[in-house]
$ cat protein.cif   # mmCIF, C-alpha atoms
data_query
#
loop_
_atom_site.label_atom_id
_atom_site.label_comp_id
_atom_site.auth_asym_id
_atom_site.auth_seq_id
_atom_site.Cartn_x
_atom_site.Cartn_y
_atom_site.Cartn_z
CA MET A 1 -27.30 22.20 11.07
CA ASP A 2 -25.67 22.66 7.71
CA LEU A 3 -22.93 20.56 6.16
CA LYS A 4 -20.11 23.12 6.18
CA SER A 5 -20.29 23.76 9.91
CA VAL A 6 -20.45 20.04 10.74
CA MET A 7 -17.79 18.63 8.42
CA ASN A 8 -15.05 20.88 9.79
CA SER A 9 -16.32 20.99 13.38
CA PRO A 10 -14.11 20.24 16.40
CA GLY A 11 -16.30 17.17 17.05
CA MET A 12 -15.46 15.76 13.61
CA TRP A 13 -11.76 16.43 14.18
CA VAL A 14 -11.87 14.51 17.45
CA ALA A 15 -13.91 11.64 15.98
CA SER A 16 -11.57 11.37 12.99
CA SER A 17 -8.37 11.62 15.01
CA ILE A 18 -8.99 8.28 16.73
CA MET A 19 -8.08 6.37 13.56
CA VAL A 20 -4.91 8.42 13.08
CA ILE A 21 -3.95 7.72 16.70
CA VAL A 22 -4.51 3.97 16.20
CA VAL A 23 -2.36 4.10 13.04
CA LEU A 24 0.50 5.85 14.86
CA VAL A 25 0.32 3.63 17.95
CA GLN A 26 0.31 0.50 15.77
CA SER A 27 3.43 1.52 13.89
CA ALA A 28 5.18 2.56 17.10
CA LEU A 29 4.47 -0.87 18.61
CA PHE A 30 5.69 -2.66 15.48
CA LEU A 31 8.81 -0.53 15.30
CA ARG A 32 9.65 -1.37 18.91
CA GLU A 33 8.98 -5.07 18.37
CA GLY A 34 10.98 -5.02 15.12
CA PHE A 35 14.06 -3.60 16.79
CA LYS A 36 13.72 -6.08 19.63
CA ALA A 37 13.56 -8.95 17.13
CA ALA A 38 16.55 -7.57 15.21
CA ASP A 39 18.56 -7.62 18.45
CA LYS A 40 17.56 -11.22 19.14
CA LEU A 41 18.64 -12.19 15.61
CA GLY A 42 22.01 -10.62 16.28
CA MET A 43 21.61 -7.89 13.70
CA PRO A 44 23.70 -4.83 14.55
CA ARG A 45 21.58 -1.86 15.59
CA SER A 46 23.30 0.34 12.99
CA THR A 47 22.14 -2.01 10.21
CA SER A 48 18.49 -1.90 11.25
CA VAL A 49 18.66 1.87 11.62
CA LYS A 50 20.12 2.17 8.11
CA GLY A 51 17.31 0.01 6.76
CA MET A 52 14.74 2.11 8.58
CA ARG A 53 16.23 5.30 7.19
CA ALA A 54 16.15 3.91 3.65
CA ALA A 55 12.46 3.04 4.08
CA MET A 56 11.66 6.53 5.34
CA ILE A 57 13.48 8.23 2.45
CA THR A 58 11.71 5.92 0.00
CA ALA A 59 8.30 6.79 1.48
CA ILE A 60 8.62 10.56 0.93
CA GLY A 61 8.01 10.67 -2.84
CA PRO A 62 5.05 8.29 -3.04
CA SER A 63 3.44 10.01 -0.01
CA LEU A 64 3.32 13.22 -2.03
CA GLY A 65 1.64 11.39 -4.91
CA PRO A 66 -2.00 11.63 -3.79
CA VAL A 67 -1.79 15.32 -2.82
CA VAL A 68 -3.87 16.48 -5.80
CA ILE A 69 -6.74 14.10 -4.96
CA LEU A 70 -6.32 15.06 -1.29
CA LEU A 71 -7.17 18.65 -2.17
CA ALA A 72 -10.20 17.49 -4.17
CA LEU A 73 -11.43 15.45 -1.19
CA LEU A 74 -10.73 18.38 1.13
CA ALA A 75 -13.10 20.62 -0.79
CA VAL A 76 -15.97 18.12 -0.74
CA LEU A 77 -15.61 16.20 2.53
CA GLY A 78 -13.78 18.70 4.73
CA GLY A 79 -10.51 18.54 6.69
CA PRO A 80 -11.14 15.87 9.34
CA THR A 81 -12.58 13.22 7.01
CA THR A 82 -9.92 13.78 4.34
CA TRP A 83 -7.16 13.63 6.93
CA MET A 84 -8.46 10.38 8.43
CA ARG A 85 -9.20 8.63 5.13
CA MET A 86 -5.89 9.54 3.54
CA ASN A 87 -4.12 8.01 6.54
CA ASP A 88 -6.02 4.73 6.56
CA ILE A 89 -6.65 1.93 4.10
CA GLY A 90 -8.24 2.81 0.78
CA ALA A 91 -6.27 4.71 -1.85
CA ALA A 92 -7.26 8.35 -2.42
CA ARG A 93 -9.03 7.42 -5.64
CA THR A 94 -10.89 4.57 -3.89
CA GLU A 95 -12.16 6.89 -1.16
CA LEU A 96 -13.33 9.40 -3.75
CA ALA A 97 -15.05 6.71 -5.82
CA MET A 98 -16.68 5.12 -2.77
CA SER A 99 -18.01 8.47 -1.51
CA ALA A 100 -19.50 9.14 -4.93
CA LEU A 101 -21.06 5.66 -5.10
CA ALA A 102 -22.55 5.95 -1.61
CA THR A 103 -24.05 9.40 -2.16
CA LYS A 104 -25.58 8.11 -5.38
CA VAL A 105 -27.61 5.71 -3.21
CA VAL A 106 -29.42 8.75 -1.78
CA GLY A 107 -29.63 10.20 -5.30
CA VAL A 108 -27.15 13.04 -4.86
CA ASP A 109 -24.18 13.95 -7.03
CA MET A 110 -21.19 14.53 -4.75
CA ARG A 111 -19.97 17.58 -6.65
CA SER A 112 -23.35 19.30 -6.85
CA ALA A 113 -24.97 21.82 -4.51
CA ALA A 114 -27.38 19.09 -3.43
CA PHE A 115 -24.54 17.44 -1.48
CA ASP A 116 -25.88 18.09 2.02
CA LEU A 117 -25.41 16.74 5.54
CA LYS A 118 -27.47 13.66 4.78
CA ALA A 119 -25.44 12.86 1.66
CA PHE A 120 -22.27 13.46 3.73
CA SER A 121 -23.42 10.79 6.19
CA TYR A 122 -23.86 8.38 3.24
CA ALA A 123 -20.28 9.11 2.14
CA LEU A 124 -18.97 8.49 5.67
CA TRP A 125 -20.77 5.15 5.95
CA GLY A 126 -19.67 4.19 2.45
CA MET A 127 -15.99 4.71 3.21
CA ALA A 128 -16.29 3.02 6.61
CA LEU A 129 -18.03 -0.08 5.21
CA ASN A 130 -15.62 -0.31 2.29
CA ASN A 131 -12.46 0.09 4.37
CA ALA A 132 -13.72 -2.47 6.88
CA GLY A 133 -13.52 -5.05 4.07
CA TRP A 134 -9.71 -5.01 3.87
CA MET A 135 -9.29 -4.87 7.63
CA LEU A 136 -11.59 -7.83 8.20
CA VAL A 137 -9.91 -9.95 5.55
CA ALA A 138 -6.48 -9.14 7.00
CA LEU A 139 -7.75 -9.96 10.48
CA LEU A 140 -9.05 -13.33 9.27
CA PHE A 141 -6.29 -14.39 6.90
CA VAL A 142 -2.86 -13.00 7.83
CA LYS A 143 -2.24 -15.50 10.62
CA ARG A 144 -3.53 -18.32 8.42
CA MET A 145 -1.22 -17.31 5.55
CA ASN A 146 1.68 -17.43 7.97
CA SER A 147 0.92 -20.97 9.14
CA ALA A 148 0.09 -22.12 5.60
CA ILE A 149 3.55 -21.04 4.46
CA SER A 150 5.27 -22.73 7.42
CA LYS A 151 3.41 -25.92 6.51
CA MET A 152 4.49 -25.61 2.88
CA ASN A 153 8.08 -25.21 4.03
CA GLN A 154 7.86 -28.52 5.92
CA LYS A 155 6.16 -30.35 3.10
CA TYR A 156 8.11 -29.06 0.09
CA ASP A 157 11.65 -27.95 -0.66
CA PRO A 158 12.02 -24.57 1.13
CA ALA A 159 14.08 -23.26 -1.80
CA TRP A 160 11.12 -23.92 -4.06
CA VAL A 161 8.65 -22.31 -1.62
CA LYS A 162 10.84 -19.23 -1.54
CA LEU A 163 10.90 -19.16 -5.30
CA ILE A 164 7.08 -19.38 -5.41
CA MET A 165 6.93 -16.31 -3.16
CA THR A 166 9.43 -14.50 -5.36
CA GLY A 167 7.51 -15.46 -8.50
CA ALA A 168 4.25 -14.30 -6.92
CA ALA A 169 5.78 -10.97 -5.90
CA ILE A 170 7.27 -10.39 -9.34
CA GLY A 171 3.96 -11.41 -10.96
CA LEU A 172 2.04 -9.01 -8.72
CA PHE A 173 4.20 -6.06 -9.71
CA ALA A 174 4.15 -7.12 -13.34
CA SER A 175 0.35 -6.89 -13.18
CA LEU A 176 0.52 -3.49 -11.47
CA TRP A 177 3.03 -2.14 -13.96
CA SER A 178 1.72 -3.62 -17.24
CA PRO A 179 -1.27 -1.27 -17.80
CA ALA A 180 1.04 1.79 -17.74
CA LEU A 181 3.48 0.12 -20.12
CA ILE A 182 0.68 -0.69 -22.54
CA LYS A 183 -0.74 2.83 -22.32
CA GLY A 184 2.51 4.14 -23.80
CA GLY A 185 3.67 7.78 -23.87
CA GLY A 186 4.77 9.33 -20.61
CA GLN A 187 3.26 6.48 -18.58
CA PHE A 188 5.51 4.03 -20.44
CA PHE A 189 8.56 6.28 -20.40
CA ALA A 190 8.41 7.13 -16.66
CA GLY A 191 8.39 3.45 -15.71
CA ILE A 192 11.14 2.40 -18.10
CA VAL A 193 13.45 5.24 -17.04
CA ALA A 194 12.84 4.49 -13.35
CA PHE A 195 13.48 0.79 -14.02
CA VAL A 196 16.76 1.46 -15.81
CA SER A 197 17.91 3.98 -13.16
CA MET A 198 17.20 1.54 -10.35
CA PHE A 199 18.94 -1.25 -12.24
CA LEU A 200 22.03 0.86 -12.91
CA ILE A 201 22.24 2.15 -9.32
CA GLY A 202 21.99 -1.43 -8.08
CA LYS A 203 24.67 -2.61 -10.45
CA TYR A 204 27.25 0.17 -10.34
CA ALA A 205 26.74 2.00 -7.06
CA GLY A 206 27.46 -0.98 -4.85
CA ASN A 207 30.59 0.70 -3.57
CA TYR A 208 28.72 3.82 -2.50
CA PRO A 209 26.46 2.78 0.37
CA ARG A 210 25.22 6.35 0.63
CA LEU A 211 23.59 5.97 -2.75
CA GLN A 212 21.79 2.78 -1.77
CA GLU A 213 19.43 4.27 0.83
CA PRO A 214 17.78 6.79 -1.51
CA ALA A 215 18.17 4.55 -4.61
CA LEU A 216 14.46 3.95 -5.14
CA GLY A 217 13.49 7.52 -4.38
CA ILE A 218 16.09 8.84 -6.82
CA SER A 219 15.10 6.37 -9.58
CA MET A 220 11.47 7.33 -9.15
CA LEU A 221 12.22 11.04 -9.37
CA ILE A 222 14.37 10.55 -12.48
CA GLY A 223 11.54 8.58 -14.14
CA MET A 224 8.84 11.10 -13.19
CA PHE A 225 10.70 14.19 -14.22
CA ALA A 226 12.07 12.65 -17.41
CA ALA A 227 8.50 11.80 -18.42
CA ALA A 228 7.26 15.28 -17.49
CA TYR A 229 10.07 16.82 -19.54
CA PHE A 230 9.65 14.75 -22.70
CA PHE A 231 5.87 14.32 -22.78
CA MET B 1 15.59 -17.72 16.52
CA GLU B 2 17.03 -18.11 19.98
CA GLY B 3 15.02 -19.06 23.04
CA ASN B 4 11.29 -19.11 22.65
CA TYR B 5 11.03 -15.61 21.22
CA ASN B 6 8.77 -15.84 18.17
CA PHE B 7 8.56 -12.66 16.12
CA SER B 8 5.67 -13.84 13.94
CA ALA B 9 3.55 -14.75 16.95
CA ARG B 10 4.24 -11.43 18.66
CA ALA B 11 3.59 -9.51 15.46
CA ALA B 12 0.29 -11.36 15.03
CA ARG B 13 -0.73 -10.39 18.56
CA ILE B 14 0.10 -6.71 18.09
CA GLY B 15 -1.54 -6.80 14.67
CA THR B 16 -4.77 -8.43 15.81
CA PHE B 17 -5.15 -6.04 18.71
CA THR B 18 -4.45 -2.88 16.70
CA LEU B 19 -6.48 -3.97 13.68
CA ILE B 20 -9.54 -4.52 15.89
CA ALA B 21 -8.95 -1.04 17.34
CA GLY B 22 -8.72 0.27 13.78
CA LEU B 23 -11.93 -1.47 12.78
CA ILE B 24 -13.73 0.33 15.60
CA ALA B 25 -12.05 3.69 14.92
CA ASN B 26 -13.08 3.29 11.27
CA PHE B 27 -16.76 3.72 12.25
CA VAL B 28 -16.36 6.47 14.88
CA PRO B 29 -16.98 9.52 12.61
CA ALA B 30 -20.07 7.90 11.06
CA LEU B 31 -21.35 6.99 14.53
CA TYR B 32 -20.54 10.46 15.83
CA LEU B 33 -22.63 11.93 13.04
CA ALA B 34 -25.46 9.54 13.89
CA GLY B 35 -25.30 9.87 17.67
CA VAL B 36 -24.37 13.50 18.25
CA VAL B 37 -25.55 15.33 15.14
CA GLY B 38 -28.42 12.93 14.52
CA VAL B 39 -27.87 12.23 10.83
CA MET B 40 -27.66 8.69 9.51
CA PRO B 41 -28.69 6.73 6.40
CA GLN B 42 -31.77 4.55 6.73
CA PHE B 43 -31.04 0.92 7.47
CA THR B 44 -32.10 -0.30 4.04
CA ASP B 45 -29.86 2.34 2.47
CA LEU B 46 -26.95 1.12 4.60
CA LEU B 47 -27.48 -2.34 3.16
CA GLN B 48 -27.53 -0.86 -0.30
CA ILE B 49 -24.29 1.07 0.35
CA TYR B 50 -22.71 -2.15 1.54
CA ALA B 51 -23.90 -3.96 -1.59
CA VAL B 52 -22.43 -1.20 -3.77
CA ALA B 53 -19.11 -1.32 -1.88
CA PHE B 54 -19.01 -5.10 -2.12
CA SER B 55 -19.67 -5.21 -5.83
CA ALA B 56 -17.12 -2.46 -6.56
CA PHE B 57 -14.31 -3.51 -4.21
CA GLY B 58 -15.24 -6.91 -2.70
CA VAL B 59 -12.79 -8.82 -4.86
CA SER B 60 -9.99 -6.42 -3.90
CA TRP B 61 -10.79 -6.89 -0.19
CA VAL B 62 -9.88 -10.57 -0.53
CA VAL B 63 -7.37 -10.70 -3.39
CA GLN B 64 -5.09 -7.86 -2.23
CA PRO B 65 -4.30 -9.02 1.32
CA LEU B 66 -3.57 -12.51 0.00
CA SER B 67 -1.50 -11.50 -3.03
CA PHE B 68 0.62 -8.96 -1.15
CA TYR B 69 1.32 -11.32 1.75
CA PRO B 70 4.60 -12.71 0.33
CA MET B 71 6.01 -9.17 0.17
CA LEU B 72 4.64 -7.81 3.44
CA GLY B 73 4.97 -10.73 5.83
CA VAL B 74 2.96 -10.91 9.05
CA GLY B 75 3.84 -7.52 10.58
CA GLY B 76 3.76 -5.65 7.28
CA SER B 77 0.35 -7.08 6.40
CA TYR B 78 -1.24 -5.89 9.63
CA ILE B 79 0.19 -2.42 9.10
CA GLY B 80 -0.51 -2.30 5.36
CA TRP B 81 -4.18 -3.22 5.57
CA LEU B 82 -4.80 -0.61 8.27
CA CYS B 83 -2.75 2.23 6.75
CA GLY B 84 -3.15 1.59 3.03
CA ASN B 85 -0.94 2.69 0.12
CA VAL B 86 0.45 -0.83 0.08
CA ALA B 87 1.70 -1.01 -3.53
CA ASP B 88 3.04 2.53 -3.81
CA ILE B 89 4.49 3.22 -0.34
CA ARG B 90 4.65 0.13 1.93
CA VAL B 91 6.20 -2.38 -0.48
CA PRO B 92 8.86 0.05 -1.78
CA ALA B 93 9.73 0.94 1.84
CA ALA B 94 9.97 -2.73 2.81
CA THR B 95 12.14 -3.69 -0.18
CA MET B 96 14.54 -0.83 0.45
CA ALA B 97 14.78 -1.60 4.18
CA GLN B 98 15.66 -5.21 3.33
CA ARG B 99 18.10 -4.26 0.63
CA VAL B 100 20.05 -1.71 2.65
CA ALA B 101 20.19 -4.03 5.68
CA GLY B 102 21.26 -6.89 3.42
CA ALA B 103 18.35 -9.04 4.62
CA GLU B 104 16.97 -11.68 2.28
CA PRO B 105 13.18 -11.39 1.67
CA GLY B 106 11.41 -14.35 3.25
CA SER B 107 14.17 -14.98 5.83
CA PRO B 108 13.62 -14.09 9.51
CA GLU B 109 15.88 -11.05 9.04
CA GLY B 110 13.89 -10.06 5.96
CA ASP B 111 10.58 -10.28 7.85
CA VAL B 112 11.93 -8.12 10.66
CA MET B 113 13.35 -5.51 8.27
CA SER B 114 10.15 -5.32 6.24
CA THR B 115 8.18 -4.71 9.44
CA ILE B 116 10.63 -2.02 10.59
CA GLY B 117 10.61 -0.37 7.15
CA ILE B 118 6.84 -0.40 6.77
CA ALA B 119 6.23 0.89 10.31
CA ALA B 120 8.75 3.71 9.77
CA SER B 121 7.16 4.62 6.41
CA VAL B 122 3.83 5.22 8.20
CA PHE B 123 5.31 8.08 10.23
CA VAL B 124 6.55 9.72 7.03
CA SER B 125 3.24 9.41 5.21
CA VAL B 126 1.15 10.55 8.21
CA ALA B 127 3.39 13.62 8.60
CA ILE B 128 3.08 14.53 4.91
CA ILE B 129 -0.69 13.94 4.75
CA THR B 130 -1.23 15.97 7.92
CA LEU B 131 0.86 18.83 6.57
CA PHE B 132 -1.01 18.92 3.27
CA THR B 133 -4.42 18.62 4.93
CA LEU B 134 -3.63 21.70 6.99
CA ILE B 135 -1.76 23.89 4.51
CA GLY B 136 -2.09 22.11 1.15
CA SER B 137 -4.55 24.58 -0.32
CA ALA B 138 -2.06 27.36 0.43
CA ILE B 139 1.00 25.49 -0.93
CA MET B 140 -0.35 23.95 -4.11
CA PRO B 141 -0.74 27.19 -6.14
CA LEU B 142 2.96 27.88 -5.45
CA VAL B 143 4.14 24.52 -6.83
CA PRO B 144 5.47 24.84 -10.41
CA LYS B 145 3.29 23.22 -13.07
CA PHE B 146 6.18 21.03 -14.17
CA VAL B 147 6.31 19.43 -10.71
CA THR B 148 2.57 18.71 -10.54
CA LYS B 149 2.84 17.24 -14.03
CA ALA B 150 5.71 14.99 -12.91
CA PHE B 151 3.59 13.72 -10.03
CA GLY B 152 1.10 12.42 -12.58
CA PHE B 153 3.79 9.87 -13.52
CA ILE B 154 4.52 8.74 -9.98
CA LEU B 155 2.81 5.34 -10.09
CA PRO B 156 4.49 3.87 -13.18
CA ALA B 157 7.82 5.27 -11.89
CA VAL B 158 7.38 3.55 -8.51
CA PHE B 159 6.30 0.28 -10.12
CA GLY B 160 9.21 0.36 -12.58
CA ALA B 161 11.77 0.99 -9.84
CA VAL B 162 10.29 -1.69 -7.56
CA TYR B 163 10.25 -4.13 -10.47
CA ALA B 164 13.95 -3.53 -11.07
CA GLU B 165 14.68 -4.22 -7.41
CA LEU B 166 12.55 -7.38 -7.34
CA SER B 167 14.13 -8.85 -10.45
CA ARG B 168 17.68 -7.82 -9.59
CA LYS B 169 18.54 -11.25 -8.24
CA HIS B 170 16.03 -13.09 -10.41
CA PHE B 171 16.62 -11.49 -13.73
CA LYS B 172 15.28 -14.36 -15.84
CA ILE B 173 12.03 -14.64 -13.86
CA GLY B 174 11.61 -10.86 -14.03
CA ALA B 175 12.14 -10.71 -17.78
CA LEU B 176 9.85 -13.63 -18.59
CA THR B 177 7.12 -12.47 -16.20
CA ILE B 178 6.85 -8.93 -17.53
CA VAL B 179 6.48 -10.35 -21.05
CA ALA B 180 3.73 -12.67 -19.77
CA GLY B 181 2.17 -9.80 -17.81
CA LEU B 182 2.07 -7.53 -20.84
CA ALA B 183 0.62 -10.28 -23.03
CA ILE B 184 -2.11 -11.16 -20.51
CA THR B 185 -2.97 -7.52 -19.77
CA PHE B 186 -3.08 -6.74 -23.48
CA ALA B 187 -5.26 -9.74 -24.34
CA ALA B 188 -7.58 -9.53 -21.29
CA PRO B 189 -10.12 -7.02 -22.68
CA LYS B 190 -10.22 -8.89 -25.98
CA VAL B 191 -11.11 -12.24 -24.43
CA GLY B 192 -13.35 -10.65 -21.79
CA LEU B 193 -11.19 -11.44 -18.76
CA PRO B 194 -12.45 -9.23 -15.90
CA GLY B 195 -9.91 -6.87 -14.33
CA SER B 196 -10.28 -8.50 -10.94
CA LEU B 197 -9.01 -11.83 -12.27
CA LEU B 198 -6.28 -10.23 -14.33
CA SER B 199 -3.83 -9.80 -11.47
CA ILE B 200 -4.39 -13.39 -10.33
CA CYS B 201 -3.52 -14.62 -13.84
CA VAL B 202 -0.32 -12.56 -13.97
CA ILE B 203 0.69 -13.71 -10.46
CA ALA B 204 0.13 -17.31 -11.60
CA GLY B 205 2.29 -16.45 -14.60
CA GLY B 206 5.07 -15.25 -12.29
CA ILE B 207 4.89 -18.46 -10.26
CA ALA B 208 4.94 -20.54 -13.47
CA MET B 209 8.05 -18.67 -14.69
CA ALA B 210 9.71 -19.25 -11.30
CA ARG B 211 8.91 -22.96 -11.65
CA ILE B 212 10.36 -23.13 -15.15
CA ILE B 213 13.58 -21.39 -14.06
CA TYR B 214 13.78 -23.59 -10.95
CA LEU B 215 13.51 -26.77 -13.00
CA SER B 216 15.90 -25.64 -15.72
CA ASP B 217 18.50 -24.52 -13.14
CA LYS B 218 18.23 -27.82 -11.32
CA LYS B 219 19.32 -29.78 -14.40
#
$ encode --input "protein.cif" --output "structure tokens"
Amino acid sequence: MDLKSVMNSPGMWVASSIMVIVVLVQSALFLREGFKAADKLGMPRSTSVKGMRAAMITAIGPSLGPVVILLALLAVLGGPTTWMRMNDIGAARTELAMSALATKVVGVDMRSAAFDLKAFSYALWGMALNNAGWMLVALLFVKRMNSAISKMNQKYDPAWVKLIMTGAAIGLFASLWSPALIKGGGQFFAGIVAFVSMFLIGKYAGNYPRLQEPALGISMLIGMFAAAYFF
Amino acid sequence: MEGNYNFSARAARIGTFTLIAGLIANFVPALYLAGVVGVMPQFTDLLQIYAVAFSAFGVSWVVQPLSFYPMLGVGGSYIGWLCGNVADIRVPAATMAQRVAGAEPGSPEGDVMSTIGIAASVFVSVAIITLFTLIGSAIMPLVPKFVTKAFGFILPAVFGAVYAELSRKHFKIGALTIVAGLAITFAAPKVGLPGSLLSICVIAGGIAMARIIYLSDKK
């Protein structure tokens, strides 16, 4: 059997759809549990729905981000694999890099004609083994992090523990953002414009709740398009 | 919380169950290829692939779930490490859900809203990915060049906007930390600090700035 007929076969679609189904079922369960918990906390249903809507609007822009790499993956790995791997853990670039690294083990360049069914199987195992890393660590540590933080709250001043978490979150995004700022040019400009837009919307649009829900999405678009226009 | 309802415990149960299901689903296509089509890497090659994956991404496997925990909470972590796109989609969705609902991050309300926001964001991203997998090759040539160019700037734009939201109520910590972050990131290649340790150093910088502000505000 040759690669092209296997990688887009109905069997591959079925095998790959299981992950997408797990992803959807998981989020449906968490959404249901989240709304139940919001009720128990006495949060009005309209508030939680507004928050949910804001999250969904915010997710649109960044979800379109990896589309270019998606098309690259589509050409090499076929529809089912691309669809599954773009919907699970592992950024688009990570999946592409891991497939290339794994096929190199069998001595094949992913973009060459030598990329055959055997090399494809190496790519599949590579992505599966790599993605399992994050899932396993989450499985082992998330519950422990939760109890570690409860213990810290009992032992130390909760206001200070909260500030540690805030500092850690700010530090994390400072480390994510810094390389683009240092790179300069459009990478610098896009981030600064988005930062300023978000800051201004937060400061001056407080009286327009309608502007709050899409605030991040709007700021991001302003930053992106300003950079594309000027650079 | 009232009664004996414990959101964290219930989220951990849902998360454990679904993450194990995800771990199995993760291997199904590779096993299908091995079992039905009859193609599989040799065992020694599998070990080698694992070694390559570990050396390229092993540090990220451990560092990312731990460092994102304060922003994701229990529920968000289980979703984020199954569905991915944590920094660019899940965290922005969670922060906006909390902000619009007026829920403080780290409070019980904040945890619930981040879980709701992250779960809802998954439906959006799955819909968009599915659409583009099916008809992306037909749509992309129609998209103006200016738009594809703009999408090349999406990551710094997301990070900049999220940073503004994070430091809105902690302006001093935000300002000091980005200065520290830039200094550390700039100096790292010169002093030979590996990229994997870089983020840990900047996170430690953020915590140190929080401590300094905490102590100076206390006086």
$ residues_around --input "protein.cif" --residues "region 75-87 of chain A" --least-positions-apart "5" --cutoff "7 Å" --atoms "all atoms listed in the file" --output "ChimeraX atom specification"
/A:7-8,12-13,16-17,19-20,70,92 /B:83,126,129-130,133
$ closest_residue --input "protein.cif" --among "B:Ser125, B:Val59, B:Pro105, B:Pro189" --to "Leu163 (chain A)" --atoms "only C-alpha atoms"
B:Pro105
$ closest_residue --input "protein.cif" --among "A:Asn153, A:Ser63, A:Ser46, A:Ser5" --to "chain B" --atoms "all atoms listed in the file"
A:Ser63
$ resolve_selection --input "protein.cif" --expression "the PyMOL selection byres ((chain A and resi 141) around 12)" --output "JSON, numbers by chain"
{"A": [134, 135, 136, 137, 138, 139, 140, 142, 143, 144, 145, 146, 147, 148], "B": [12, 15, 16, 61, 62, 63, 64, 65, 66, 67, 68, 69, 73, 74, 77, 78, 81]}
$ resolve_selection --input "protein.cif" --expression "the PyMOL selection byres ((chain B and resi 87-93) around 7)" --output "ChimeraX atom specification"
/A:55-56,58-59,62-63 /B:71-72,80,85-86,94-97,117-118,121,155,158,162
$ closest_residue --input "protein.cif" --among "B:Asn26, B:Ser107, B:Ser55, B:Asn4" --to "chain A" --atoms "all atoms listed in the file"
B:Asn26
$ residues_around --input "protein.cif" --residues "Val36 (chain B)" --least-positions-apart "2" --cutoff "12 Å" --atoms "all atoms listed in the file" --output "JSON, numbers by chain"
{"A": [1, 6, 11, 12, 15], "B": [28, 29, 30, 31, 32, 33, 34, 38, 39, 40]}
$ residues_around --input "protein.cif" --residues "region 106-108 of chain A" --least-positions-apart "5" --cutoff "7 Å" --atoms "only C-alpha atoms" --output "tab-separated table (two decimals) with C-alpha atoms, in the frame of the given file"
chain	number	residue	atom	x	y	z
A	114	ALA	CA	-27.38	19.09	-3.43
A	115	PHE	CA	-24.54	17.44	-1.48
A	119	ALA	CA	-25.44	12.86	1.66
$ residues_around --input "protein.cif" --residues "Ile222 (chain A)" --least-positions-apart "6" --cutoff "8 Å" --atoms "all atoms listed in the file" --output "PyMOL selection string"
chain A and resi 193-194+197
$ closest_residue --input "protein.cif" --among "B:Ala188, B:Ala210, B:Phe151, B:Leu142" --to "Ala175 (chain B)" --atoms "only C-alpha atoms"
B:Ala210
$ axis_aligned_box --input "protein.cif" --around "region 186-203 of chain A" --padding-each-side "3 Å" --output "JSON"
{"center_x": 14.0, "center_y": 3.4, "center_z": -14.3, "size_x": 27.4, "size_y": 17.9, "size_z": 18.5}
$ residues_near_point --input "protein.cif" --point "(14.3, 7.4, 10.2)" --cutoff "10 Å" --atoms "all atoms listed in the file" --output "MDAnalysis selection string"
(chainID A and resid 49:57) or (chainID B and resid 117 120:121 123:124)
$ closest_residue --input "protein.cif" --among "B:Ala25, B:Ile116, B:Val52, B:Leu47" --to "Lys36 (chain A)" --atoms "only C-alpha atoms"
B:Ile116
$ resolve_selection --input "protein.cif" --expression "the PyMOL selection byres ((chain A and resi 219) around 9)" --output "JSON, numbers by chain"
{"A": [193, 194, 195, 196, 197, 198, 199, 201, 214, 215, 216, 217, 218, 220, 221, 222, 223, 224], "B": [157, 158, 160, 161]}
$ closest_residue --input "protein.cif" --among "B:Ile173, B:Ala119, B:Ala9, B:Leu134" --to "Arg211 (chain B)" --atoms "all atoms listed in the file"
B:Ile173
$ atom_distance --input "protein.cif" --atom1 "CA of Val112 (chain B)" --atom2 "CA of Ala37 (chain A)"
6.7 Å
$ build_atoms --input "protein.cif" --residues "region 129-136 of chain A" --atoms "N, CA and C atoms" --output "PDB file, in the frame of the given file"
ATOM      1  N   LEU A 129     -17.688   1.305   5.564  1.00  0.00           N
ATOM      2  CA  LEU A 129     -18.030  -0.080   5.210  1.00  0.00           C
ATOM      3  C   LEU A 129     -17.025  -0.660   4.226  1.00  0.00           C
ATOM      4  N   ASN A 130     -16.588   0.155   3.281  1.00  0.00           N
ATOM      5  CA  ASN A 130     -15.620  -0.310   2.290  1.00  0.00           C
ATOM      6  C   ASN A 130     -14.272  -0.636   2.943  1.00  0.00           C
ATOM      7  N   ASN A 131     -13.767   0.305   3.752  1.00  0.00           N
ATOM      8  CA  ASN A 131     -12.460   0.090   4.370  1.00  0.00           C
ATOM      9  C   ASN A 131     -12.461  -1.096   5.326  1.00  0.00           C
ATOM     10  N   ALA A 132     -13.619  -1.335   5.955  1.00  0.00           N
ATOM     11  CA  ALA A 132     -13.720  -2.470   6.880  1.00  0.00           C
ATOM     12  C   ALA A 132     -13.455  -3.784   6.147  1.00  0.00           C
ATOM     13  N   GLY A 133     -13.742  -3.826   4.840  1.00  0.00           N
ATOM     14  CA  GLY A 133     -13.520  -5.050   4.070  1.00  0.00           C
ATOM     15  C   GLY A 133     -12.080  -5.525   4.134  1.00  0.00           C
ATOM     16  N   TRP A 134     -11.134  -4.634   3.846  1.00  0.00           N
ATOM     17  CA  TRP A 134      -9.710  -5.010   3.870  1.00  0.00           C
ATOM     18  C   TRP A 134      -9.267  -5.393   5.275  1.00  0.00           C
ATOM     19  N   MET A 135      -9.726  -4.596   6.260  1.00  0.00           N
ATOM     20  CA  MET A 135      -9.290  -4.870   7.630  1.00  0.00           C
ATOM     21  C   MET A 135      -9.781  -6.238   8.095  1.00  0.00           C
ATOM     22  N   LEU A 136     -11.040  -6.545   7.783  1.00  0.00           N
ATOM     23  CA  LEU A 136     -11.590  -7.830   8.200  1.00  0.00           C
ATOM     24  C   LEU A 136     -10.852  -8.992   7.549  1.00  0.00           C
TER      25      LEU A 136
END
